[in-house]
Protein chains: 4
Amino acid sequence: MKIMITAFDPFGDDTINPAQEVMKRLPDIYQTSQIIKVLIPTVFHKSATYIEEALKQHQPDYLLSIGQAGGRSAISIERVAINLDDARIPDNDNNRPIDVMIQQTGAPAYFSQLPIKAMLSKVNEKEIPAEISNSAGTFVCNHVMYQSLFLTNTKYFNTKAGFVHIPFLPSQVLNRPQYPSMSLDDMVVGILACIEAMILYYDREDLKLVGGKTH
Amino acid sequence: MKIMITAFDPFGDDTINPAQEVMKRLPDIYQTSQIIKVLIPTVFHKSATYIEEALKQHQPDYLLSIGQAGGRSAISIERVAINLDDARIPDNDNNRPIDVMIQQTGAPAYFSQLPIKAMLSKVNEKEIPAEISNSAGTFVCNHVMYQSLFLTNTKYFNTKAGFVHIPFLPSQVLNRPQYPSMSLDDMVVGILACIEAMILYYDREDLKLVGGKTH
Amino acid sequence: MKIMITAFDPFGDDTINPAQEVMKRLPDIYQTSQIIKVLIPTVFHKSATYIEEALKQHQPDYLLSIGQAGGRSAISIERVAINLDDARIPDNDNNRPIDVMIQQTGAPAYFSQLPIKAMLSKVNEKEIPAEISNSAGTFVCNHVMYQSLFLTNTKYFNTKAGFVHIPFLPSQVLNRPQYPSMSLDDMVVGILACIEAMILYYDREDLKLVGGKTH
Amino acid sequence: MKIMITAFDPFGDDTINPAQEVMKRLPDIYQTSQIIKVLIPTVFHKSATYIEEALKQHQPDYLLSIGQAGGRSAISIERVAINLDDARIPDNDNNRPIDVMIQQTGAPAYFSQLPIKAMLSKVNEKEIPAEISNSAGTFVCNHVMYQSLFLTNTKYFNTKAGFVHIPFLPSQVLNRPQYPSMSLDDMVVGILACIEAMILYYDREDLKLVGGKTH
């Protein structure tokens, strides 16, 4: 099995992105699967271009994108992406779309194609806090999740896509200690637990609804 | 213009529902519009039956549903509803659907048909905190918003629907003072400000995208 | 009975101070008591000079100081003040003491002389959220509470002193809707409820410990 | 140098106490210092009896007590303990003191005798979030800090005492993922960083005020 992971480069005031740090630490082979790592820019649309390029090249079974959600305290497995960009701050290319549809021919939303509830259980088995999230926001994270699912629902039918948000790293909150964080070690274990669940449940058609997959 | 408001009866451990209290305090006529008030049960699907019944009877121009979101501190104008019930606790008829699609023939999500950004501005003009929310959860609130928009998108085309969450009332947090609340007076003023914006922008086709209306 | 109230002028990025707004709205006579209002600067030591001047002039039975605690959601009745200034930001005269004792001859801390638990009950009776707080911080609020109690414990023995923190006003959080706030009306009712409890329990020596008065 | 560490057994609904887990993982010798470990009961007064017994036996240079503060996200170095027990829930022997003074002959409060600002810096150097806290509450944690400082201020003059709160462990928040937590590894590194600062600054009389030591 081939699993493609994407992570963002840093954005806003942060000089590192925990998603990138986690991706660096993932092995190239995990259990029976090959892990392919793709760094993408924190930029509307350009990020999706990178993703389509990599999908075309690698034809993975899974596409799991990882992003930072500052302020959340658990590994946050996203359930759904919506067809809308609405940016409170500019992205890394200074785009700031407000109430703009992502894909004119896309569905209003796409649900994750990953076994999200099984992923939640696996992460918890490792004693790492996790949750299902019902919103990936309206910034580049939701954009990438939406674009990935648009691609896998309309063109790259052999790939299943989804998104996971991770908290700040401890080093990112030294000056704002009231913010929650998670250690890099725990994040890596958590993402590997997600991947384990993905490998385990790939062929279980009967479990499809477990992922909140509703169409 | 006819504006239909719905509010829930109390659920869970709470003996009152702020939405119901706010609805009681709304006038029957506001500016040029008639306000029709409908109390609905905090029950999956049964709530939607009440709403369709009332839509058929009153044929309103707008349907604005109000619900409680304990823990939020501002009037929270919902942007989108998703086609999924996933209940952490039972509803008032003891239903607890887990990962169940709401409408087999419905879209994965519907965006609010209300001028949500204009509503946000109007509420803020009254010096009352407000925000756009990207998730109405997966309990009865999201269910009612989804069902309303399913009905107005597939059958009751002359009605525009949407949902607003309101915080706890002060009286609901006396034993949990770390939770935010909002006074009933401010909630009423806030909901009237929402209605003002709805009246004002009803015919502004050019503003349609202002509501994140993406299809 | 004479009750002296103090409130701060605005500080930091805020252009209004809810304490000042509340004070303006208090009556000059409440029940059997005269209310004396004193505006004090948000400045270390200078605030205390204003307070001593007013104590000398008015010889009140009670001194109740009010301050803003942005981020708290309830009326927050302070239990204790500590003998230390430690400022994260400068005060309105650009002083920024770090780890400086307030009074060389003062106690390490003074407990409020107000009937704080009875005040809590009275505020709750009005259906307004309240709590006992165990720290007034280390900025000008703690400074004023400490200085007031130093004065009433060492010189102005006929006055009982204490401090109450209040949340942001709704108008202060329009751009940060995730912050809790409280309506001015509810703040005024809450502070009047505090005053009611103070009047009611002035002579109840047996209730002294109810206020956490430990000396 | 001899450094005595205390940790509580579990209390309330929690079956483990992170303080105890951290203490187990500390070495017996660290740098130039001997580490002595004492488990104490989560019980008012009985905890203090254990501490005095151990002080008498070991005559340590430092006494550092560690406790859990569920809901905080950083290592929380306490500045001050107050002379008051006020328990919202019973302790492990079912005592629930309300507004009771701890020591009739004690000061209203004692400031930590540890170099708290230097400890904060050292923990941050390890890239672990930390903060100075101005309240250890009014439950057994404040009790133990107060009793320790009462003992070192009145009888065991060769020992310097203080208290550090630590967050929940990840395993404690699996069912409440909105709560912050910290990995056991990071807690251990954080406490060792505190100890490093304590060793380094033991003899620096000029730095005494750095700890907010005000008498």
# chains A, B, ... in the order shown; residues from 1 in each chain; ligands from 1
$ select_by_dssp --residues "region 59-211 of chain A" --states "alpha helix (DSSP H)" --output "compact mmCIF listing (two decimals) with N, CA, C and O atoms, in the first residue's frame"
# COMPACT_ATOMS: atom_id res chain seq x y z
N ILE A 116 -12.46 7.53 10.09
CA ILE A 116 -12.13 8.50 11.15
C ILE A 116 -12.40 7.98 12.56
O ILE A 116 -11.64 8.27 13.47
N LYS A 117 -13.46 7.21 12.74
CA LYS A 117 -13.75 6.72 14.10
C LYS A 117 -12.73 5.64 14.51
O LYS A 117 -12.33 5.57 15.67
N ALA A 118 -12.33 4.83 13.56
CA ALA A 118 -11.31 3.82 13.85
C ALA A 118 -9.96 4.50 14.13
O ALA A 118 -9.19 4.05 15.00
N MET A 119 -9.69 5.57 13.42
CA MET A 119 -8.46 6.33 13.69
C MET A 119 -8.49 6.90 15.11
O MET A 119 -7.51 6.83 15.86
N LEU A 120 -9.64 7.47 15.48
CA LEU A 120 -9.82 8.01 16.83
C LEU A 120 -9.49 6.93 17.88
O LEU A 120 -8.73 7.18 18.83
N SER A 121 -10.05 5.74 17.70
CA SER A 121 -9.81 4.65 18.67
C SER A 121 -8.35 4.28 18.73
O SER A 121 -7.79 4.07 19.81
N LYS A 122 -7.73 4.16 17.58
CA LYS A 122 -6.31 3.75 17.54
C LYS A 122 -5.43 4.78 18.24
O LYS A 122 -4.49 4.42 18.97
N VAL A 123 -5.68 6.06 17.99
CA VAL A 123 -4.88 7.09 18.67
C VAL A 123 -5.08 6.99 20.17
O VAL A 123 -4.12 7.02 20.96
N ASN A 124 -6.33 6.83 20.59
CA ASN A 124 -6.62 6.71 22.02
C ASN A 124 -5.97 5.47 22.64
O ASN A 124 -5.52 5.51 23.79
N GLU A 125 -5.90 4.39 21.89
CA GLU A 125 -5.21 3.18 22.38
C GLU A 125 -3.77 3.48 22.77
O GLU A 125 -3.21 2.85 23.66
N VAL A 140 -6.44 27.76 4.60
CA VAL A 140 -5.79 26.84 3.67
C VAL A 140 -5.97 25.37 4.06
O VAL A 140 -5.97 24.48 3.20
N CYS A 141 -6.16 25.08 5.35
CA CYS A 141 -6.34 23.68 5.75
C CYS A 141 -7.62 23.11 5.15
O CYS A 141 -7.62 22.03 4.55
N ASN A 142 -8.73 23.83 5.33
CA ASN A 142 -9.98 23.37 4.72
C ASN A 142 -9.84 23.31 3.21
O ASN A 142 -10.33 22.38 2.54
N HIS A 143 -9.15 24.30 2.65
CA HIS A 143 -8.93 24.36 1.20
C HIS A 143 -8.25 23.08 0.69
O HIS A 143 -8.70 22.46 -0.28
N VAL A 144 -7.17 22.70 1.36
CA VAL A 144 -6.43 21.50 0.94
C VAL A 144 -7.26 20.24 1.11
O VAL A 144 -7.27 19.35 0.25
N MET A 145 -8.00 20.16 2.21
CA MET A 145 -8.84 18.98 2.42
C MET A 145 -9.93 18.93 1.34
O MET A 145 -10.18 17.88 0.76
N TYR A 146 -10.53 20.10 1.06
CA TYR A 146 -11.58 20.12 0.04
C TYR A 146 -11.01 19.76 -1.34
O TYR A 146 -11.57 18.92 -2.06
N GLN A 147 -9.91 20.37 -1.69
CA GLN A 147 -9.31 20.12 -3.01
C GLN A 147 -8.89 18.65 -3.15
O GLN A 147 -9.09 18.04 -4.21
N SER A 148 -8.32 18.08 -2.11
CA SER A 148 -7.92 16.67 -2.16
C SER A 148 -9.13 15.79 -2.41
O SER A 148 -9.10 14.88 -3.25
N LEU A 149 -10.21 16.07 -1.68
CA LEU A 149 -11.41 15.24 -1.81
C LEU A 149 -12.13 15.50 -3.14
O LEU A 149 -12.74 14.60 -3.72
N PHE A 150 -12.03 16.73 -3.63
CA PHE A 150 -12.57 17.02 -4.97
C PHE A 150 -11.82 16.17 -6.01
O PHE A 150 -12.42 15.52 -6.87
N LEU A 151 -10.48 16.12 -5.86
CA LEU A 151 -9.67 15.34 -6.81
C LEU A 151 -9.96 13.84 -6.70
O LEU A 151 -10.10 13.15 -7.70
N THR A 152 -10.07 13.33 -5.47
CA THR A 152 -10.28 11.87 -5.32
C THR A 152 -11.72 11.47 -5.64
O THR A 152 -11.98 10.32 -5.96
N ASN A 153 -12.65 12.43 -5.56
CA ASN A 153 -14.05 12.12 -5.89
C ASN A 153 -14.36 12.30 -7.37
O ASN A 153 -15.39 11.82 -7.85
N THR A 154 -13.50 13.03 -8.09
CA THR A 154 -13.83 13.32 -9.48
C THR A 154 -12.81 12.77 -10.49
O THR A 154 -13.08 12.72 -11.67
N LEU A 184 6.16 16.52 20.26
CA LEU A 184 6.40 15.99 18.92
C LEU A 184 6.32 14.46 18.93
O LEU A 184 5.72 13.85 18.04
N ASP A 185 6.89 13.84 19.98
CA ASP A 185 6.83 12.38 20.09
C ASP A 185 5.39 11.88 20.05
O ASP A 185 5.07 10.93 19.33
N ASP A 186 4.54 12.51 20.83
CA ASP A 186 3.14 12.07 20.89
C ASP A 186 2.43 12.31 19.56
O ASP A 186 1.59 11.52 19.13
N MET A 187 2.76 13.41 18.91
CA MET A 187 2.16 13.67 17.61
C MET A 187 2.55 12.59 16.60
O MET A 187 1.72 12.12 15.83
N VAL A 188 3.83 12.21 16.62
CA VAL A 188 4.29 11.18 15.68
C VAL A 188 3.58 9.86 15.96
O VAL A 188 3.06 9.20 15.04
N VAL A 189 3.54 9.48 17.24
CA VAL A 189 2.83 8.24 17.60
C VAL A 189 1.37 8.33 17.18
O VAL A 189 0.79 7.38 16.65
N GLY A 190 0.77 9.49 17.37
CA GLY A 190 -0.64 9.68 17.02
C GLY A 190 -0.88 9.54 15.51
O GLY A 190 -1.84 8.89 15.08
N ILE A 191 -0.01 10.14 14.72
CA ILE A 191 -0.18 10.06 13.27
C ILE A 191 0.07 8.63 12.79
O ILE A 191 -0.64 8.11 11.92
N LEU A 192 1.05 7.95 13.40
CA LEU A 192 1.28 6.54 13.04
C LEU A 192 0.07 5.69 13.41
O LEU A 192 -0.29 4.75 12.68
N ALA A 193 -0.58 6.01 14.51
CA ALA A 193 -1.80 5.27 14.89
C ALA A 193 -2.90 5.51 13.86
O ALA A 193 -3.64 4.58 13.51
N CYS A 194 -3.01 6.73 13.37
CA CYS A 194 -3.97 7.02 12.29
C CYS A 194 -3.67 6.15 11.07
O CYS A 194 -4.57 5.55 10.47
N ILE A 195 -2.39 6.09 10.72
CA ILE A 195 -1.99 5.31 9.54
C ILE A 195 -2.29 3.83 9.75
O ILE A 195 -2.78 3.14 8.84
N GLU A 196 -2.03 3.32 10.96
CA GLU A 196 -2.37 1.93 11.28
C GLU A 196 -3.85 1.64 11.02
O GLU A 196 -4.20 0.62 10.42
N ALA A 197 -4.70 2.53 11.50
CA ALA A 197 -6.15 2.33 11.30
C ALA A 197 -6.49 2.38 9.82
O ALA A 197 -7.33 1.62 9.33
N MET A 198 -5.84 3.26 9.09
CA MET A 198 -6.10 3.38 7.66
C MET A 198 -5.72 2.08 6.93
O MET A 198 -6.46 1.60 6.07
N ILE A 199 -4.55 1.53 7.29
CA ILE A 199 -4.11 0.27 6.67
C ILE A 199 -5.10 -0.85 7.00
O ILE A 199 -5.56 -1.60 6.13
N LEU A 200 -5.48 -0.91 8.27
CA LEU A 200 -6.33 -1.99 8.78
C LEU A 200 -7.72 -1.99 8.14
O LEU A 200 -8.30 -3.04 7.89
$ closest_atom_pairs --of "chain C" --to "chain B" --cutoff "7 Å" --atoms "only C-alpha atoms" --output "Markdown table"
| residue | atom | partner | partner_atom | distance |
| --- | --- | --- | --- | --- |
| C:Ser73 | CA | B:Pro180 | CA | 5.2 |
| C:Ala74 | CA | B:Pro177 | CA | 5.6 |
| C:Asn124 | CA | B:Leu174 | CA | 6.4 |
| C:Glu127 | CA | B:Ser171 | CA | 4.8 |
| C:Ile128 | CA | B:Pro170 | CA | 5.5 |
| C:Pro129 | CA | B:Leu174 | CA | 4.8 |
| C:Ala130 | CA | B:Pro177 | CA | 6.0 |
| C:Glu131 | CA | B:Pro177 | CA | 6.3 |
| C:Pro170 | CA | B:Ile128 | CA | 5.6 |
| C:Ser171 | CA | B:Glu127 | CA | 4.8 |
| C:Val173 | CA | B:Pro129 | CA | 6.3 |
| C:Leu174 | CA | B:Pro129 | CA | 4.8 |
| C:Pro177 | CA | B:Pro129 | CA | 5.6 |
| C:Gln178 | CA | B:Ser73 | CA | 6.0 |
| C:Tyr179 | CA | B:Ser73 | CA | 6.4 |
| C:Pro180 | CA | B:Pro180 | CA | 5.0 |
| C:Met182 | CA | B:Met182 | CA | 6.6 |
| C:Ser183 | CA | B:Ser183 | CA | 6.5 |
$ atom_distance --atom1 "CA of Lys37 (chain A)" --atom2 "CA of Asp85 (chain A)"
25.4 Å
$ atom_distance --atom1 "CA of Asn158 (chain D)" --atom2 "CA of Ala136 (chain D)"
23.8 Å
$ atom_distance --atom1 "CA of Met101 (chain A)" --atom2 "CA of Thr138 (chain A)"
10.6 Å
$ closest_residue --among "D:Pro41, D:Pro90, D:Ile35, D:Ile166" --to "Tyr62 (chain D)" --atoms "only C-alpha atoms"
D:Ile35
$ select_by_dssp --residues "region 25-148 of chain D" --states "strand (DSSP E)" --output "VMD selection string"
chain D and resid 29 to 30 33 to 40 62 to 68 75 to 78 80 to 82 109 to 111 130 to 133
